[in-house]
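Visitor: First the structure, which I've put down as structure tokens, then a few questions once you've had a look.
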Amino acid sequence: MELDGRVVVVTGGTRGVGAGIARSFLAAGAEVAVCARRPPDEPVSADGRQASFTPLDLRDPGAVRDFFDAVAERYGRLDCLVNNAGGTPYRLLGEGEAERHARVVELNLLAPMTAALAARPWLGRTRGSVVMIGSVSGTRPSPGTAAYGAAKAGLENLARSMAVEWAPDIRVNTLVLGMVRTELAHLHYGDDAGIEAVGATVPLGRLAEPADVGDAAVFLASDRARYVSGASLLVHGGGERPAFLDAATVNKES
């Protein structure tokens, strides 16, 4: 899965899952360009190699097109776009105005589409690929993050349509993530004890690490996945144990 000579863009690649993805691509030999609204606290690096950084608001289509043109001019090519930028605060639907929820959809669905459209001319030249970073929130109820879940559901469908429309020149796939342990995990799950307790609900016994996601992204971008397009790869440690199994009064282990 070596990606020597390949050029990869990771949106939102300055921290958390995005930084983990960027590091995995660096370790695989790729040149990596990351973008975000704010610079990283320290350069994103791995194995003595460093990703370039460009400040960018993905909600500005003109700036996004200029960014991808600049990346292609600097490196001479573009082989993969990882649409990672996104996220949401916890907010029940009734506790926020429509405009607030719409901004979540804009960041998690419209911005990835904007980036993919800007990258398309360059990816077509290299028969490259797009990797969308989805979420299990898009496949099940997502109370408290309903707009985010709806956007991620739309993102997965968008990827499948792109995979058909842009074939055979560009492959498009989605990583459907479960819970990931990042520097912001405490905002969602509490202190270390809370994070450990949440991790215990996952069949594999822990939350994902950003590197777990990064390695899966490298696979989808590599020639090992040359016949994989329009696919959704679950990276969730086995999923979630159904709540009814614990509520039932039969079939309990003694």
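By order in the structure tokens, chains are A, B, ...; within a chain, residues start at 1; ligands start at 1, following the order shown.
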Quick one: DSSP strand (DSSP E or B) residues in stretch 62-164 of chain A, as an MDAnalysis selection string?
Guide: chainID A and resid 80:83 129:135
Visitor: Would you list the contacts of stretch 112-122 of chain A as an NGL selection string, taking every protein, DNA or RNA residue within 9 Å and counting only C-alpha atoms, but skipping same-chain residues closer than 3 positions in sequence?
Guide: :A and (11 or 58-61 or 64-69 or 72 or 77-81 or 83-86 or 106-109 or 125-128 or 130 or 132 or 155 or 158 or 166 or 170)
Visitor: Could you give me the residues within stretch 18-248 of chain A that DSSP places in alpha helix (DSSP H), as a PyMOL selection string?
Guide: chain A and resi 18-27+61-75+98-105+111-126+146-165+185-189+192-200+210-221+243-247
Visitor: Show me, as number ranges by chain, the residues that have an atom within 6 Å of stretch 176-185 of chain A when counting only C-alpha atoms, minus same-chain residues fewer than 2 positions from it.
Guide: A: 16, 134-136, 187-188, 207-209, 233-236
Visitor: I'd like the contact shell of A:Ala216 - 10 Å cut-off, only C-alpha atoms, skipping same-chain residues fewer than 5 positions apart - returned as a list in words.
Guide: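 Skipping anything fewer than 5 positions along the chain leaves Ile21, Ser24, Val131, Leu175, Ala211, Ala221, Ser222, Leu233, Leu234 and Val235 of chain A.
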Visitor: Restricted to C-alpha atoms, what would the selected residues look like written as an mmCIF file, in the first residue's frame?
Guide:
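Now in part.cif:
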```cif
data_model
loop_
_atom_site.group_PDB
_atom_site.id
_atom_site.type_symbol
_atom_site.label_atom_id
_atom_site.label_comp_id
_atom_site.auth_asym_id
_atom_site.auth_seq_id
_atom_site.Cartn_x
_atom_site.Cartn_y
_atom_site.Cartn_z
ATOM 1 C CA ILE A 21 -5.478 10.295 8.432
ATOM 2 C CA SER A 24 -1.124 7.554 7.847
ATOM 3 C CA VAL A 131 -12.701 9.140 0.343
ATOM 4 C CA LEU A 175 -15.536 5.264 5.544
ATOM 5 C CA ALA A 211 -4.639 5.856 13.052
ATOM 6 C CA ALA A 221 -6.742 5.315 -1.860
ATOM 7 C CA SER A 222 -4.271 2.595 -2.807
ATOM 8 C CA LEU A 233 -16.533 0.512 4.657
ATOM 9 C CA LEU A 234 -17.628 0.237 8.286
ATOM 10 C CA VAL A 235 -14.879 1.238 10.720
#
```
Visitor: Of the candidates A:Thr145, A:Thr14, A:Thr139, A:Ser161, which shows the shortest atom-to-atom distance to A:Pro55, using only C-alpha atoms?
Guide: A:Thr14
Visitor: Could you tell me how far atom CA of A:Pro143 lies from atom CA of A:His101, in Å and to one decimal?
Guide: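 Atom CA of A:His101 lies at a distance of 13.0 Å from atom CA of A:Pro143.
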Visitor: Which polymer residues have any atom within 6 Å of an atom of A:Asn173, counting only C-alpha atoms, with same-chain residues fewer than 5 positions away left out, as a list in words?
Guide: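 The residues satisfying every condition are Val131, Ser229, Gly230 and Ala231 of chain A.
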Visitor: Since we have the selection now, will you write its residues out, keeping all heavy atoms, as a compact mmCIF listing (two decimals), in the first residue's frame?
Guide:
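Everything below was put into result-v2.txt:
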```txt
# COMPACT_ATOMS: atom_id res chain seq x y z
N VAL A 131 -12.29 9.89 -0.85
CA VAL A 131 -12.70 9.14 0.34
C VAL A 131 -13.53 10.08 1.21
O VAL A 131 -13.01 11.09 1.72
CB VAL A 131 -11.49 8.62 1.14
CG1 VAL A 131 -11.97 7.87 2.39
CG2 VAL A 131 -10.63 7.70 0.27
N SER A 229 -15.35 0.85 -5.56
CA SER A 229 -15.91 2.18 -5.77
C SER A 229 -17.39 2.12 -5.44
O SER A 229 -18.06 1.10 -5.67
CB SER A 229 -15.70 2.64 -7.21
OG SER A 229 -16.00 4.02 -7.34
N GLY A 230 -17.91 3.22 -4.88
CA GLY A 230 -19.31 3.24 -4.45
C GLY A 230 -19.55 2.43 -3.20
O GLY A 230 -20.70 2.12 -2.88
N ALA A 231 -18.48 2.11 -2.48
CA ALA A 231 -18.59 1.25 -1.30
C ALA A 231 -18.60 2.05 -0.01
O ALA A 231 -18.08 3.17 0.05
CB ALA A 231 -17.44 0.25 -1.28
```
Visitor: Have a look at A:Pro168, A:Pro203, A:Gly138, A:Pro40 and name the one nearest to A:Ser232; count only C-alpha atoms.
Guide: A:Gly138
Visitor: Could you work out how far atom CA of A:Ala243 lies from atom CA of A:Thr201, giving the answer in Å with one decimal?
Guide: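 Pair atom CA of A:Thr201 / atom CA of A:Ala243 returns 10.4 Å.
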Visitor: Would you list the contacts of A:Arg6 as a VMD selection string, taking every protein, DNA or RNA residue within 7 Å and counting only C-alpha atoms, but skipping same-chain residues closer than 3 positions in sequence?
Guide: chain A and resid 3 30 to 31 79
Visitor: Can you tell me which residues surround stretch 45-54 of chain A at a distance of at most 9 Å, considering only C-alpha atoms, apart from same-chain residues fewer than 5 positions away, and format the answer as a list of chain:residue names?
Guide: A:Gly13, A:Thr14, A:Ala19, A:Ala22, A:Arg23, A:Ser24, A:Phe25, A:Leu26, A:Ala27, A:Gly29, A:Glu31, A:Val32, A:Ala33, A:Val34, A:Cys35, A:Ala36, A:Arg37, A:Arg38, A:Pro39, A:Pro40, A:Phe67
Visitor: Output all heavy atoms for every residue in the selection just made, as a short mmCIF file (atom, residue, chain, number, x, y, z; two decimals), in the first residue's frame.
Guide:
```
data_model
loop_
_atom_site.label_atom_id
_atom_site.label_comp_id
_atom_site.auth_asym_id
_atom_site.auth_seq_id
_atom_site.Cartn_x
_atom_site.Cartn_y
_atom_site.Cartn_z
N GLY A 13 -7.57 18.47 8.30
CA GLY A 13 -6.51 17.53 8.64
C GLY A 13 -5.52 18.00 9.69
O GLY A 13 -4.40 17.51 9.74
N THR A 14 -5.94 18.94 10.54
CA THR A 14 -5.00 19.52 11.50
C THR A 14 -5.10 18.94 12.90
O THR A 14 -4.22 19.19 13.72
CB THR A 14 -5.21 21.04 11.59
OG1 THR A 14 -6.57 21.30 11.97
CG2 THR A 14 -4.92 21.71 10.25
N ALA A 19 -6.00 14.63 11.40
CA ALA A 19 -4.55 14.55 11.57
C ALA A 19 -4.08 13.10 11.54
O ALA A 19 -3.02 12.79 10.99
CB ALA A 19 -4.14 15.21 12.88
N ALA A 22 -3.96 12.12 7.93
CA ALA A 22 -2.80 12.73 7.27
C ALA A 22 -1.52 11.99 7.64
O ALA A 22 -0.67 11.75 6.77
CB ALA A 22 -2.71 14.21 7.67
N ARG A 23 -1.36 11.62 8.90
CA ARG A 23 -0.14 10.92 9.32
C ARG A 23 -0.04 9.55 8.65
O ARG A 23 1.06 9.11 8.28
CB ARG A 23 -0.12 10.79 10.85
CG ARG A 23 0.05 12.12 11.57
CD ARG A 23 0.24 11.92 13.06
NE ARG A 23 0.26 13.20 13.75
CZ ARG A 23 -0.76 13.70 14.46
NH1 ARG A 23 -1.89 12.99 14.59
NH2 ARG A 23 -0.67 14.88 15.03
N SER A 24 -1.16 8.87 8.50
CA SER A 24 -1.12 7.55 7.85
C SER A 24 -0.69 7.68 6.40
O SER A 24 0.09 6.86 5.89
CB SER A 24 -2.50 6.88 7.93
OG SER A 24 -2.79 6.50 9.26
N PHE A 25 -1.15 8.71 5.71
CA PHE A 25 -0.74 8.91 4.33
C PHE A 25 0.74 9.31 4.24
O PHE A 25 1.45 8.87 3.33
CB PHE A 25 -1.61 9.97 3.66
CG PHE A 25 -2.89 9.42 3.10
CD1 PHE A 25 -4.09 9.59 3.77
CD2 PHE A 25 -2.91 8.73 1.90
CE1 PHE A 25 -5.27 9.08 3.26
CE2 PHE A 25 -4.08 8.21 1.38
CZ PHE A 25 -5.28 8.38 2.07
N LEU A 26 1.19 10.13 5.17
CA LEU A 26 2.62 10.47 5.20
C LEU A 26 3.46 9.22 5.39
O LEU A 26 4.48 9.02 4.72
CB LEU A 26 2.90 11.48 6.31
CG LEU A 26 2.41 12.91 6.09
CD1 LEU A 26 2.51 13.71 7.38
CD2 LEU A 26 3.21 13.60 4.98
N ALA A 27 3.03 8.36 6.32
CA ALA A 27 3.77 7.13 6.59
C ALA A 27 3.78 6.20 5.38
O ALA A 27 4.70 5.39 5.22
CB ALA A 27 3.18 6.42 7.81
N GLY A 29 4.07 7.22 2.38
CA GLY A 29 4.92 7.80 1.36
C GLY A 29 4.33 8.92 0.55
O GLY A 29 5.00 9.48 -0.32
N GLU A 31 2.71 12.64 -0.51
CA GLU A 31 2.78 14.05 -0.18
C GLU A 31 1.38 14.46 0.28
O GLU A 31 0.39 14.14 -0.39
CB GLU A 31 3.20 14.88 -1.40
CG GLU A 31 4.57 14.55 -1.94
CD GLU A 31 5.68 14.98 -1.00
OE1 GLU A 31 5.43 15.84 -0.13
OE2 GLU A 31 6.80 14.47 -1.13
N VAL A 32 1.30 15.15 1.41
CA VAL A 32 0.00 15.45 2.01
C VAL A 32 -0.16 16.95 2.20
O VAL A 32 0.72 17.61 2.75
CB VAL A 32 -0.17 14.73 3.36
CG1 VAL A 32 -1.53 15.06 3.98
CG2 VAL A 32 -0.02 13.21 3.18
N ALA A 33 -1.31 17.45 1.75
CA ALA A 33 -1.69 18.84 1.99
C ALA A 33 -2.95 18.83 2.84
O ALA A 33 -3.93 18.16 2.50
CB ALA A 33 -1.95 19.56 0.68
N VAL A 34 -2.91 19.55 3.96
CA VAL A 34 -4.08 19.64 4.82
C VAL A 34 -4.61 21.07 4.80
O VAL A 34 -3.87 22.02 4.57
CB VAL A 34 -3.78 19.20 6.27
CG1 VAL A 34 -3.28 17.77 6.30
CG2 VAL A 34 -2.76 20.13 6.93
N CYS A 35 -5.90 21.20 5.04
CA CYS A 35 -6.52 22.52 5.10
C CYS A 35 -7.51 22.54 6.25
O CYS A 35 -8.08 21.51 6.63
CB CYS A 35 -7.20 22.88 3.78
SG CYS A 35 -8.54 21.77 3.31
N ALA A 36 -7.70 23.72 6.80
CA ALA A 36 -8.66 23.93 7.88
C ALA A 36 -8.78 25.44 8.07
O ALA A 36 -7.99 26.21 7.52
CB ALA A 36 -8.21 23.26 9.18
N ARG A 37 -9.75 25.84 8.84
CA ARG A 37 -9.92 27.28 9.07
C ARG A 37 -8.81 27.83 9.95
O ARG A 37 -8.42 28.98 9.81
CB ARG A 37 -11.29 27.56 9.68
CG ARG A 37 -12.43 27.50 8.67
CD ARG A 37 -13.75 27.82 9.29
NE ARG A 37 -14.18 26.77 10.21
CZ ARG A 37 -15.29 26.83 10.95
NH1 ARG A 37 -16.05 27.89 10.90
NH2 ARG A 37 -15.63 25.83 11.73
N ARG A 38 -8.29 26.99 10.86
CA ARG A 38 -7.24 27.44 11.76
C ARG A 38 -6.02 26.53 11.63
O ARG A 38 -6.16 25.33 11.40
CB ARG A 38 -7.74 27.45 13.21
CG ARG A 38 -8.81 28.49 13.48
CD ARG A 38 -9.28 28.43 14.92
NE ARG A 38 -9.98 27.17 15.19
CZ ARG A 38 -11.27 26.99 14.95
NH1 ARG A 38 -12.00 27.95 14.43
NH2 ARG A 38 -11.84 25.82 15.22
N PRO A 39 -4.82 27.08 11.81
CA PRO A 39 -3.62 26.26 11.69
C PRO A 39 -3.49 25.28 12.85
O PRO A 39 -4.06 25.50 13.93
CB PRO A 39 -2.49 27.30 11.71
CG PRO A 39 -3.05 28.45 12.48
CD PRO A 39 -4.51 28.50 12.13
N PRO A 40 -2.74 24.21 12.66
CA PRO A 40 -2.53 23.27 13.76
C PRO A 40 -1.62 23.87 14.83
O PRO A 40 -0.84 24.79 14.55
CB PRO A 40 -1.86 22.08 13.07
CG PRO A 40 -1.16 22.69 11.89
CD PRO A 40 -2.04 23.82 11.43
N PHE A 67 -7.67 26.74 -4.00
CA PHE A 67 -6.84 25.86 -3.18
C PHE A 67 -6.41 24.62 -3.97
O PHE A 67 -5.23 24.26 -4.00
CB PHE A 67 -7.57 25.46 -1.91
CG PHE A 67 -6.95 24.31 -1.17
CD1 PHE A 67 -5.76 24.46 -0.49
CD2 PHE A 67 -7.57 23.06 -1.17
CE1 PHE A 67 -5.17 23.39 0.18
CE2 PHE A 67 -7.00 22.00 -0.49
CZ PHE A 67 -5.81 22.16 0.18
#
```
